[in-house]
file start.cif (mmCIF, C-alpha atoms and all ligand atoms)
data_coords
loop_
_atom_site.label_atom_id
_atom_site.label_comp_id
_atom_site.auth_asym_id
_atom_site.auth_seq_id
_atom_site.Cartn_x
_atom_site.Cartn_y
_atom_site.Cartn_z
CA MET V 1 -12.83 2.41 10.79
CA ILE V 2 -9.32 3.18 9.56
CA LYS V 3 -7.44 0.05 8.57
CA ILE V 4 -3.83 -0.71 9.44
CA SER V 5 -1.66 -2.57 6.93
CA PRO V 6 1.72 -3.48 8.46
CA SER V 7 4.48 -3.63 5.83
CA ILE V 8 6.59 -6.75 6.11
CA LEU V 9 9.52 -4.87 4.58
CA SER V 10 10.56 -4.03 8.15
CA ALA V 11 9.86 -7.51 9.55
CA ASP V 12 12.55 -10.03 10.45
CA PHE V 13 12.72 -12.06 7.23
CA SER V 14 14.48 -14.95 8.93
CA ARG V 15 11.25 -15.48 10.92
CA LEU V 16 8.73 -14.22 8.41
CA ALA V 17 5.90 -16.65 9.20
CA ASP V 18 6.11 -15.86 12.93
CA GLU V 19 6.24 -12.14 12.24
CA ILE V 20 3.12 -12.34 10.07
CA LYS V 21 1.26 -14.42 12.65
CA ALA V 22 2.21 -11.93 15.34
CA ALA V 23 0.95 -9.03 13.22
CA GLU V 24 -2.31 -10.89 12.67
CA ALA V 25 -2.66 -11.65 16.38
CA ALA V 26 -2.04 -7.98 17.17
CA GLY V 27 -5.05 -7.01 15.08
CA ALA V 28 -3.62 -6.01 11.69
CA ASP V 29 -6.39 -5.53 9.12
CA MET V 30 -4.28 -6.55 6.14
CA LEU V 31 -0.67 -7.22 5.22
CA HIS V 32 1.34 -4.86 3.00
CA ILE V 33 3.89 -6.59 0.77
CA ASP V 34 6.46 -4.42 -1.00
CA VAL V 35 7.71 -5.83 -4.29
CA MET V 36 10.77 -4.01 -5.69
CA ASP V 37 12.68 -4.76 -8.86
CA GLY V 38 15.90 -2.74 -8.67
CA HIS V 39 14.78 -0.73 -11.74
CA PHE V 40 11.70 1.26 -10.84
CA VAL V 41 13.16 1.69 -7.35
CA PRO V 42 16.75 1.31 -6.17
CA ASN V 43 16.13 -1.81 -4.12
CA ILE V 44 15.22 -5.46 -4.68
CA THR V 45 12.87 -7.35 -2.39
CA ILE V 46 10.59 -10.27 -3.04
CA GLY V 47 8.72 -12.00 -5.86
CA PRO V 48 5.60 -14.11 -6.36
CA PHE V 49 7.07 -17.25 -4.72
CA VAL V 50 7.33 -15.45 -1.41
CA VAL V 51 3.81 -14.04 -1.75
CA GLU V 52 2.61 -17.59 -2.39
CA ALA V 53 4.37 -18.79 0.76
CA ILE V 54 2.90 -15.93 2.80
CA ARG V 55 -0.56 -16.88 1.53
CA THR V 56 -0.23 -20.23 3.31
CA VAL V 57 0.45 -18.75 6.75
CA THR V 58 -2.23 -16.05 7.05
CA THR V 59 -5.83 -15.32 6.22
CA LEU V 60 -5.23 -11.56 6.23
CA PRO V 61 -5.90 -9.82 2.92
CA LEU V 62 -2.63 -9.48 1.01
CA ASP V 63 -2.07 -5.88 -0.06
CA VAL V 64 0.63 -6.22 -2.71
CA HIS V 65 2.47 -3.05 -3.76
CA LEU V 66 4.31 -3.53 -7.04
CA MET V 67 7.19 -1.08 -7.34
CA ILE V 68 8.30 -2.56 -10.64
CA ASP V 69 8.69 -1.45 -14.25
CA ASP V 70 6.35 -2.98 -16.81
CA PRO V 71 4.00 -4.49 -14.19
CA ASP V 72 1.86 -6.19 -16.88
CA ARG V 73 4.53 -8.89 -17.23
CA TYR V 74 3.96 -10.09 -13.67
CA LEU V 75 0.27 -9.48 -12.93
CA ALA V 76 -0.74 -13.10 -13.52
CA ASP V 77 2.05 -14.40 -11.26
CA PHE V 78 1.11 -12.15 -8.36
CA ILE V 79 -2.59 -12.90 -8.78
CA ARG V 80 -1.92 -16.63 -8.84
CA ALA V 81 0.22 -16.22 -5.72
CA GLY V 82 -2.82 -15.00 -3.78
CA SER V 83 -2.88 -11.19 -3.87
CA ASP V 84 -6.16 -9.66 -2.73
CA ILE V 85 -5.29 -6.09 -3.71
CA LEU V 86 -2.74 -5.54 -6.44
CA THR V 87 -1.31 -2.04 -6.80
CA VAL V 88 0.77 -0.78 -9.69
CA HIS V 89 2.52 2.56 -10.05
CA LEU V 90 1.03 5.12 -12.40
CA GLU V 91 4.61 6.09 -13.33
CA ALA V 92 5.47 2.51 -14.34
CA ALA V 93 2.40 1.45 -16.36
CA VAL V 94 2.19 2.66 -19.95
CA HIS V 95 -1.36 1.39 -20.60
CA LEU V 96 -2.70 1.91 -17.12
CA HIS V 97 -6.37 1.43 -18.01
CA ARG V 98 -5.67 -1.96 -19.56
CA THR V 99 -3.54 -2.99 -16.58
CA VAL V 100 -6.30 -2.10 -14.13
CA GLN V 101 -8.90 -3.97 -16.20
CA GLU V 102 -6.70 -7.05 -16.27
CA ILE V 103 -6.34 -7.08 -12.49
CA ARG V 104 -10.08 -6.68 -11.94
CA ALA V 105 -10.97 -9.28 -14.54
CA GLN V 106 -9.23 -11.83 -12.31
CA GLY V 107 -11.42 -10.88 -9.34
CA VAL V 108 -8.63 -9.01 -7.55
CA LYS V 109 -8.94 -5.44 -6.29
CA ALA V 110 -6.94 -2.92 -8.30
CA GLY V 111 -4.89 -0.10 -6.82
CA VAL V 112 -2.82 2.63 -8.43
CA SER V 113 0.03 4.29 -6.59
CA ILE V 114 1.53 7.71 -7.18
CA ASN V 115 4.94 8.98 -6.11
CA PRO V 116 5.39 12.16 -4.07
CA ALA V 117 6.09 14.30 -7.17
CA THR V 118 3.10 13.02 -9.17
CA PRO V 119 0.02 15.27 -8.90
CA VAL V 120 -3.21 13.61 -7.77
CA GLU V 121 -4.89 15.21 -10.79
CA GLU V 122 -3.15 12.60 -12.97
CA LEU V 123 -5.60 10.09 -11.54
CA THR V 124 -8.63 11.92 -12.93
CA GLU V 125 -9.19 9.61 -15.91
CA ILE V 126 -8.62 6.31 -14.07
CA ILE V 127 -10.08 6.90 -10.62
CA HIS V 128 -13.53 5.52 -11.63
CA ASP V 129 -11.95 2.15 -12.34
CA LEU V 130 -10.05 1.76 -9.08
CA ASP V 131 -10.65 0.08 -5.74
CA MET V 132 -7.78 1.92 -4.10
CA VAL V 133 -5.27 4.74 -4.55
CA LEU V 134 -1.96 4.29 -2.79
CA LEU V 135 -0.46 7.68 -2.03
CA MET V 136 3.28 7.48 -1.44
CA SER V 137 4.34 9.72 1.42
CA VAL V 138 8.04 8.90 0.90
CA ASN V 139 9.98 8.13 -2.27
CA PRO V 140 9.53 4.39 -2.74
CA GLY V 141 12.41 2.01 -2.20
CA PHE V 142 13.08 1.81 1.52
CA GLY V 143 11.41 1.57 4.89
CA GLY V 144 12.12 3.95 7.74
CA GLN V 145 12.03 7.25 5.85
CA GLU V 146 10.48 10.53 7.01
CA PHE V 147 6.89 11.34 6.07
CA ILE V 148 6.78 14.11 3.41
CA PRO V 149 4.41 16.78 4.85
CA HIS V 150 3.09 17.91 1.44
CA THR V 151 1.33 14.52 1.21
CA LEU V 152 -1.38 15.89 3.51
CA ASP V 153 -2.29 18.50 0.93
CA LYS V 154 -2.42 15.86 -1.82
CA LEU V 155 -4.50 13.64 0.41
CA GLU V 156 -7.11 16.34 0.93
CA ARG V 157 -7.31 17.03 -2.81
CA LEU V 158 -7.64 13.35 -3.60
CA LYS V 159 -10.36 12.86 -0.99
CA LYS V 160 -12.23 15.83 -2.48
CA MET V 161 -11.91 14.37 -6.00
CA ILE V 162 -13.31 11.02 -4.84
CA ARG V 163 -16.17 12.65 -2.96
CA GLU V 164 -17.12 14.99 -5.79
CA LYS V 165 -17.30 12.08 -8.19
CA GLY V 166 -19.43 10.09 -5.73
CA LEU V 167 -16.95 7.19 -5.68
CA THR V 168 -15.97 4.81 -2.89
CA VAL V 169 -12.29 4.38 -3.77
CA ALA V 170 -10.16 3.73 -0.67
CA ILE V 171 -7.07 5.83 -0.02
CA GLU V 172 -3.99 4.14 1.41
CA VAL V 173 -1.04 6.20 2.62
CA ASP V 174 2.39 4.60 2.59
CA GLY V 175 5.66 5.82 4.08
CA GLY V 176 6.71 7.35 7.39
CA VAL V 177 3.36 6.74 9.10
CA LYS V 178 3.68 6.27 12.87
CA PRO V 179 1.60 6.75 16.00
CA ASP V 180 2.40 10.46 16.27
CA ASN V 181 1.20 11.42 12.78
CA ALA V 182 -1.49 8.77 12.23
CA ARG V 183 -4.32 10.98 13.42
CA ARG V 184 -3.32 13.82 11.07
CA VAL V 185 -3.03 11.45 8.11
CA ALA V 186 -6.40 9.86 8.86
CA GLY V 187 -7.93 13.30 9.40
CA ALA V 188 -6.75 14.41 5.94
CA GLY V 189 -8.60 11.51 4.32
CA ALA V 190 -6.70 8.22 4.56
CA ASP V 191 -8.72 5.01 4.89
CA ILE V 192 -5.76 2.65 5.20
CA LEU V 193 -2.42 3.35 6.87
CA VAL V 194 0.66 1.35 5.94
CA MET V 195 3.10 1.00 8.82
CA GLY V 196 6.46 -0.64 8.29
CA SER V 197 9.21 0.34 10.71
CA ALA V 198 6.83 1.93 13.22
CA PHE V 199 5.13 -1.45 13.53
CA PHE V 200 7.73 -4.15 13.00
CA LYS V 201 10.58 -2.35 14.79
CA SER V 202 8.39 -1.63 17.79
CA GLY V 203 8.91 -4.90 19.66
CA ASP V 204 5.42 -5.21 21.10
CA TYR V 205 2.99 -5.34 18.17
CA THR V 206 -0.15 -5.58 20.29
CA ALA V 207 0.85 -2.51 22.30
CA THR V 208 1.71 -0.60 19.11
CA MET V 209 -1.63 -1.46 17.59
CA LYS V 210 -3.39 -0.34 20.75
CA THR V 211 -1.50 2.98 20.70
CA ILE V 212 -2.40 3.54 17.06
CA ARG V 213 -6.07 2.73 17.59
CA LYS V 214 -6.13 5.09 20.55
CA GLU V 215 -4.51 7.85 18.48
CA LEU V 216 -7.10 7.29 15.79
CA GLY V 217 -9.88 7.30 18.35
CA ASN V 218 -11.31 4.27 16.58
CA ALA V 219 -11.85 6.55 13.58
C1 LIG X 301 8.50 2.09 0.66
C2 LIG X 301 7.42 1.05 0.85
C3 LIG X 301 6.72 1.14 2.13
C4 LIG X 301 7.58 0.91 3.35
C5 LIG X 301 7.03 1.75 4.46
O1 LIG X 301 8.95 2.04 -0.63
O2 LIG X 301 6.45 1.16 -0.18
O3 LIG X 301 5.59 0.28 2.18
O4 LIG X 301 7.62 -0.43 3.76
O5 LIG X 301 7.90 1.71 5.54
P1 LIG X 301 7.83 2.78 6.72
O6 LIG X 301 6.47 2.68 7.33
O7 LIG X 301 8.95 2.37 7.62
O8 LIG X 301 8.05 4.14 6.08
ZN ZN X 302 4.56 -0.02 0.10
#

call {"tool": "encode", "arguments": {"input": "start.cif", "output": "structure tokens"}}
result
Amino acid sequence: MIKISPSILSADFSRLADEIKAAEAAGADMLHIDVMDGHFVPNITIGPFVVEAIRTVTTLPLDVHLMIDDPDRYLADFIRAGSDILTVHLEAAVHLHRTVQEIRAQGVKAGVSINPATPVEELTEIIHDLDMVLLMSVNPGFGGQEFIPHTLDKLERLKKMIREKGLTVAIEVDGGVKPDNARRVAGAGADILVMGSAFFKSGDYTATMKTIRKELGNA
């Protein structure tokens, strides 16, 4: 079954605990947490202290997306804070293999994310060591952007690469995913859909989740 990972970037931060509990009650499979440093992306969001606080209010797996330069400096902090999946950007990690090994050595799942202009073929030499690939379908930095259609082509190529190598790496798609394109994205090979604005700006989370599940046909 396709998993839904609501991104708290579009939640009401003044009521974060309630927002997270509501997402959990609505049937979210995991929680997507966007960490931005104002260098790798032109926005600043949250750090390990907030992840640690979130850990105390939910049992959902924490899917932590590091959009930061030099991620090695902060791996230990985000692991200690309670991340279940820790994703770094291929474009930001100089010694990506070492970074991935360090995450896994701590018993945390390792993800690598690629930006819209990065070819999926750049993952060829690291894909065997991953639990997840996070395919950006917008340029990282902000919620509420339009899905970039070319992502579907990348998604199909990535799925093919994973299949041909006989791997079980999950593919997560992040950016501009909403009920009216979810089926296409899942059909092209996504296993996990991140939904920020389409989820947290929708008002009724349970109804939104129901709509999404219906669109996906419980795929
Ligand atoms: C963008 C973030 C996304 C964002 C998605 O840089 O990585 O996770 O929250 O938001 P929507 O679903 O609104 O595009
Ligand atoms: Zn994200």

call {"tool": "closest_atom_pairs", "arguments": {"input": "start.cif", "of": "chain V", "to": "ligand LIG 301 (chain X)", "cutoff": "10 Å", "atoms": "all atoms listed in the file", "output": "tab-separated table"}}
result
residue	atom	partner	partner_atom	distance
V:Ser5	CA	X:LIG301	O3	9.1
V:Pro6	CA	X:LIG301	O6	7.9
V:Ser7	CA	X:LIG301	O4	4.9
V:Ile8	CA	X:LIG301	O4	6.8
V:Leu9	CA	X:LIG301	O4	4.9
V:Ser10	CA	X:LIG301	O4	6.4
V:Ala11	CA	X:LIG301	O4	9.4
V:His32	CA	X:LIG301	O3	6.7
V:Ile33	CA	X:LIG301	O3	7.2
V:Asp34	CA	X:LIG301	O2	5.6
V:Val35	CA	X:LIG301	O2	8.2
V:Met36	CA	X:LIG301	O1	8.1
V:Val41	CA	X:LIG301	O1	7.9
V:Pro42	CA	X:LIG301	O1	9.6
V:Asn43	CA	X:LIG301	O1	8.9
V:Val64	CA	X:LIG301	O3	9.5
V:His65	CA	X:LIG301	O2	6.8
V:Leu66	CA	X:LIG301	O2	8.6
V:Met67	CA	X:LIG301	O2	7.5
V:Ser113	CA	X:LIG301	O2	9.6
V:Asn115	CA	X:LIG301	O1	9.7
V:Leu134	CA	X:LIG301	O2	9.3
V:Leu135	CA	X:LIG301	O2	9.7
V:Met136	CA	X:LIG301	O2	7.2
V:Ser137	CA	X:LIG301	O8	8.2
V:Val138	CA	X:LIG301	C1	6.8
V:Asn139	CA	X:LIG301	O1	6.4
V:Pro140	CA	X:LIG301	O1	3.2
V:Gly141	CA	X:LIG301	O1	3.8
V:Phe142	CA	X:LIG301	O1	4.7
V:Gly143	CA	X:LIG301	O5	3.6
V:Gly144	CA	X:LIG301	O7	3.5
V:Gln145	CA	X:LIG301	O8	5.1
V:Glu146	CA	X:LIG301	O8	6.9
V:Phe147	CA	X:LIG301	O8	7.3
V:Val173	CA	X:LIG301	O3	8.9
V:Asp174	CA	X:LIG301	O3	5.4
V:Gly175	CA	X:LIG301	O8	3.5
V:Gly176	CA	X:LIG301	O8	3.7
V:Val177	CA	X:LIG301	O6	5.4
V:Lys178	CA	X:LIG301	O6	7.2
V:Leu193	CA	X:LIG301	O6	8.9
V:Val194	CA	X:LIG301	O6	6.1
V:Met195	CA	X:LIG301	O6	4.0
V:Gly196	CA	X:LIG301	O6	3.5
V:Ser197	CA	X:LIG301	O7	3.7
V:Ala198	CA	X:LIG301	O6	5.9
V:Phe199	CA	X:LIG301	O6	7.6
V:Phe200	CA	X:LIG301	O7	8.5
V:Lys201	CA	X:LIG301	O7	8.7

call {"tool": "closest_residue", "arguments": {"input": "start.cif", "among": "V:Leu16, V:Ala170, V:Val112, V:Leu60", "to": "ligand ZN 302 (chain X)", "atoms": "only C-alpha atoms and all ligand atoms"}}
result
V:Val112

call {"tool": "atom_distance", "arguments": {"input": "start.cif", "atom1": "CA of Glu91 in chain V", "atom2": "CA of Gly187 in chain V"}}
result
26.9 Å

call {"tool": "closest_residue", "arguments": {"input": "start.cif", "among": "V:Pro179, V:Pro119, V:Asp29, V:Ala17", "to": "Met1 in chain V", "atoms": "only C-alpha atoms"}}
result
V:Asp29

call {"tool": "residues_around", "arguments": {"input": "start.cif", "residues": "Leu75 in chain V", "least_positions_apart": "4", "cutoff": "10 Å", "atoms": "only C-alpha atoms", "output": "list of chain:residue names"}}
result
V:Pro48, V:Leu66, V:Asp70, V:Pro71, V:Ile79, V:Arg80, V:Ala81, V:Ser83, V:Leu86, V:Thr87, V:Val88, V:Thr99, V:Val100, V:Glu102, V:Ile103, V:Gln106

call {"tool": "residues_near_point", "arguments": {"input": "start.cif", "point": "(-15.2, 7.2, -15.0)", "cutoff": "12 Å", "atoms": "all atoms listed in the file", "output": "short mmCIF file (atom, residue, chain, number, x, y, z; two decimals) with C-alpha atoms, keeping the file's coordinate frame"}}
result
data_model
loop_
_atom_site.label_atom_id
_atom_site.label_comp_id
_atom_site.auth_asym_id
_atom_site.auth_seq_id
_atom_site.Cartn_x
_atom_site.Cartn_y
_atom_site.Cartn_z
CA HIS V 97 -6.37 1.43 -18.01
CA LEU V 123 -5.60 10.09 -11.54
CA THR V 124 -8.63 11.92 -12.93
CA GLU V 125 -9.19 9.61 -15.91
CA ILE V 126 -8.62 6.31 -14.07
CA ILE V 127 -10.08 6.90 -10.62
CA HIS V 128 -13.53 5.52 -11.63
CA ASP V 129 -11.95 2.15 -12.34
CA LEU V 130 -10.05 1.76 -9.08
CA MET V 161 -11.91 14.37 -6.00
CA ILE V 162 -13.31 11.02 -4.84
CA LYS V 165 -17.30 12.08 -8.19
CA GLY V 166 -19.43 10.09 -5.73
CA LEU V 167 -16.95 7.19 -5.68
CA VAL V 169 -12.29 4.38 -3.77
#

call {"tool": "atom_distance", "arguments": {"input": "start.cif", "atom1": "CA of Val51 in chain V", "atom2": "CA of Asp77 in chain V"}}
result
9.7 Å

call {"tool": "atom_distance", "arguments": {"input": "start.cif", "atom1": "CA of Gly111 in chain V", "atom2": "CA of His89 in chain V"}}
result
8.5 Å

call {"tool": "closest_residue", "arguments": {"input": "start.cif", "among": "V:Tyr74, V:Ile192, V:His150, V:Ala53", "to": "ligand ZN 302 (chain X)", "atoms": "all atoms listed in the file"}}
result
V:Ile192

call {"tool": "closest_residue", "arguments": {"input": "start.cif", "among": "V:Ala207, V:Val94, V:Gln101, V:Ile114", "to": "ligand ZN 302 (chain X)", "atoms": "all atoms listed in the file"}}
result
V:Ile114

call {"tool": "residues_around", "arguments": {"input": "start.cif", "residues": "Lys154 in chain V", "least_positions_apart": "2", "cutoff": "10 Å", "atoms": "all atoms listed in the file", "output": "PDB file with C-alpha atoms, in the frame of the given file"}}
result
ATOM      1  CA  PRO V 116       5.390  12.160  -4.070  1.00  0.00           C
ATOM      2  CA  THR V 118       3.100  13.020  -9.170  1.00  0.00           C
ATOM      3  CA  PRO V 119       0.020  15.270  -8.900  1.00  0.00           C
ATOM      4  CA  VAL V 120      -3.210  13.610  -7.770  1.00  0.00           C
ATOM      5  CA  GLU V 121      -4.890  15.210 -10.790  1.00  0.00           C
ATOM      6  CA  LEU V 135      -0.460   7.680  -2.030  1.00  0.00           C
ATOM      7  CA  SER V 137       4.340   9.720   1.420  1.00  0.00           C
ATOM      8  CA  PRO V 149       4.410  16.780   4.850  1.00  0.00           C
ATOM      9  CA  HIS V 150       3.090  17.910   1.440  1.00  0.00           C
ATOM     10  CA  THR V 151       1.330  14.520   1.210  1.00  0.00           C
ATOM     11  CA  LEU V 152      -1.380  15.890   3.510  1.00  0.00           C
ATOM     12  CA  GLU V 156      -7.110  16.340   0.930  1.00  0.00           C
ATOM     13  CA  ARG V 157      -7.310  17.030  -2.810  1.00  0.00           C
ATOM     14  CA  LEU V 158      -7.640  13.350  -3.600  1.00  0.00           C
ATOM     15  CA  LYS V 159     -10.360  12.860  -0.990  1.00  0.00           C
ATOM     16  CA  LYS V 160     -12.230  15.830  -2.480  1.00  0.00           C
ATOM     17  CA  ALA V 188      -6.750  14.410   5.940  1.00  0.00           C
ATOM     18  CA  GLY V 189      -8.600  11.510   4.320  1.00  0.00           C
TER      19      GLY V 189
END

call {"tool": "closest_residue", "arguments": {"input": "start.cif", "among": "V:Ala182, V:Val108, V:Met209, V:Ile46", "to": "Ala23 in chain V", "atoms": "all atoms listed in the file"}}
result
V:Met209

call {"tool": "closest_residue", "arguments": {"input": "start.cif", "among": "V:Ser202, V:Thr56, V:Thr45, V:Thr208", "to": "ligand ZN 302 (chain X)", "atoms": "all atoms listed in the file"}}
result
V:Thr45

call {"tool": "build_atoms", "arguments": {"input": "start.cif", "residues": "range 189-200 of chain V", "atoms": "N, CA and C atoms", "output": "mmCIF file, keeping the file's coordinate frame"}}
result
data_model
loop_
_atom_site.group_PDB
_atom_site.id
_atom_site.type_symbol
_atom_site.label_atom_id
_atom_site.label_comp_id
_atom_site.auth_asym_id
_atom_site.auth_seq_id
_atom_site.Cartn_x
_atom_site.Cartn_y
_atom_site.Cartn_z
ATOM 1 N N GLY V 189 -7.827 12.301 5.279
ATOM 2 C CA GLY V 189 -8.600 11.510 4.320
ATOM 3 C C GLY V 189 -8.162 10.082 4.077
ATOM 4 N N ALA V 190 -7.143 9.598 4.799
ATOM 5 C CA ALA V 190 -6.700 8.220 4.560
ATOM 6 C C ALA V 190 -7.700 7.211 5.123
ATOM 7 N N ASP V 191 -7.880 6.111 4.411
ATOM 8 C CA ASP V 191 -8.720 5.010 4.890
ATOM 9 C C ASP V 191 -7.866 3.852 5.401
ATOM 10 N N ILE V 192 -6.671 3.730 4.831
ATOM 11 C CA ILE V 192 -5.760 2.650 5.200
ATOM 12 C C ILE V 192 -4.378 3.251 5.449
ATOM 13 N N LEU V 193 -3.773 2.877 6.562
ATOM 14 C CA LEU V 193 -2.420 3.350 6.870
ATOM 15 C C LEU V 193 -1.452 2.178 6.782
ATOM 16 N N VAL V 194 -0.418 2.339 5.966
ATOM 17 C CA VAL V 194 0.660 1.350 5.940
ATOM 18 C C VAL V 194 1.633 1.729 7.046
ATOM 19 N N MET V 195 2.088 0.727 7.794
ATOM 20 C CA MET V 195 3.100 1.000 8.820
ATOM 21 C C MET V 195 4.164 -0.074 8.757
ATOM 22 N N GLY V 196 5.363 0.318 8.382
ATOM 23 C CA GLY V 196 6.460 -0.640 8.290
ATOM 24 C C GLY V 196 7.297 -0.614 9.542
ATOM 25 N N SER V 197 8.290 0.297 9.567
ATOM 26 C CA SER V 197 9.210 0.340 10.710
ATOM 27 C C SER V 197 8.499 0.665 12.018
ATOM 28 N N ALA V 198 7.509 1.553 11.971
ATOM 29 C CA ALA V 198 6.830 1.930 13.220
ATOM 30 C C ALA V 198 6.097 0.733 13.833
ATOM 31 N N PHE V 199 5.793 -0.258 13.008
ATOM 32 C CA PHE V 199 5.130 -1.450 13.530
ATOM 33 C C PHE V 199 6.142 -2.546 13.848
ATOM 34 N N PHE V 200 6.879 -2.975 12.820
ATOM 35 C CA PHE V 200 7.730 -4.150 13.000
ATOM 36 C C PHE V 200 9.021 -3.890 13.787
#
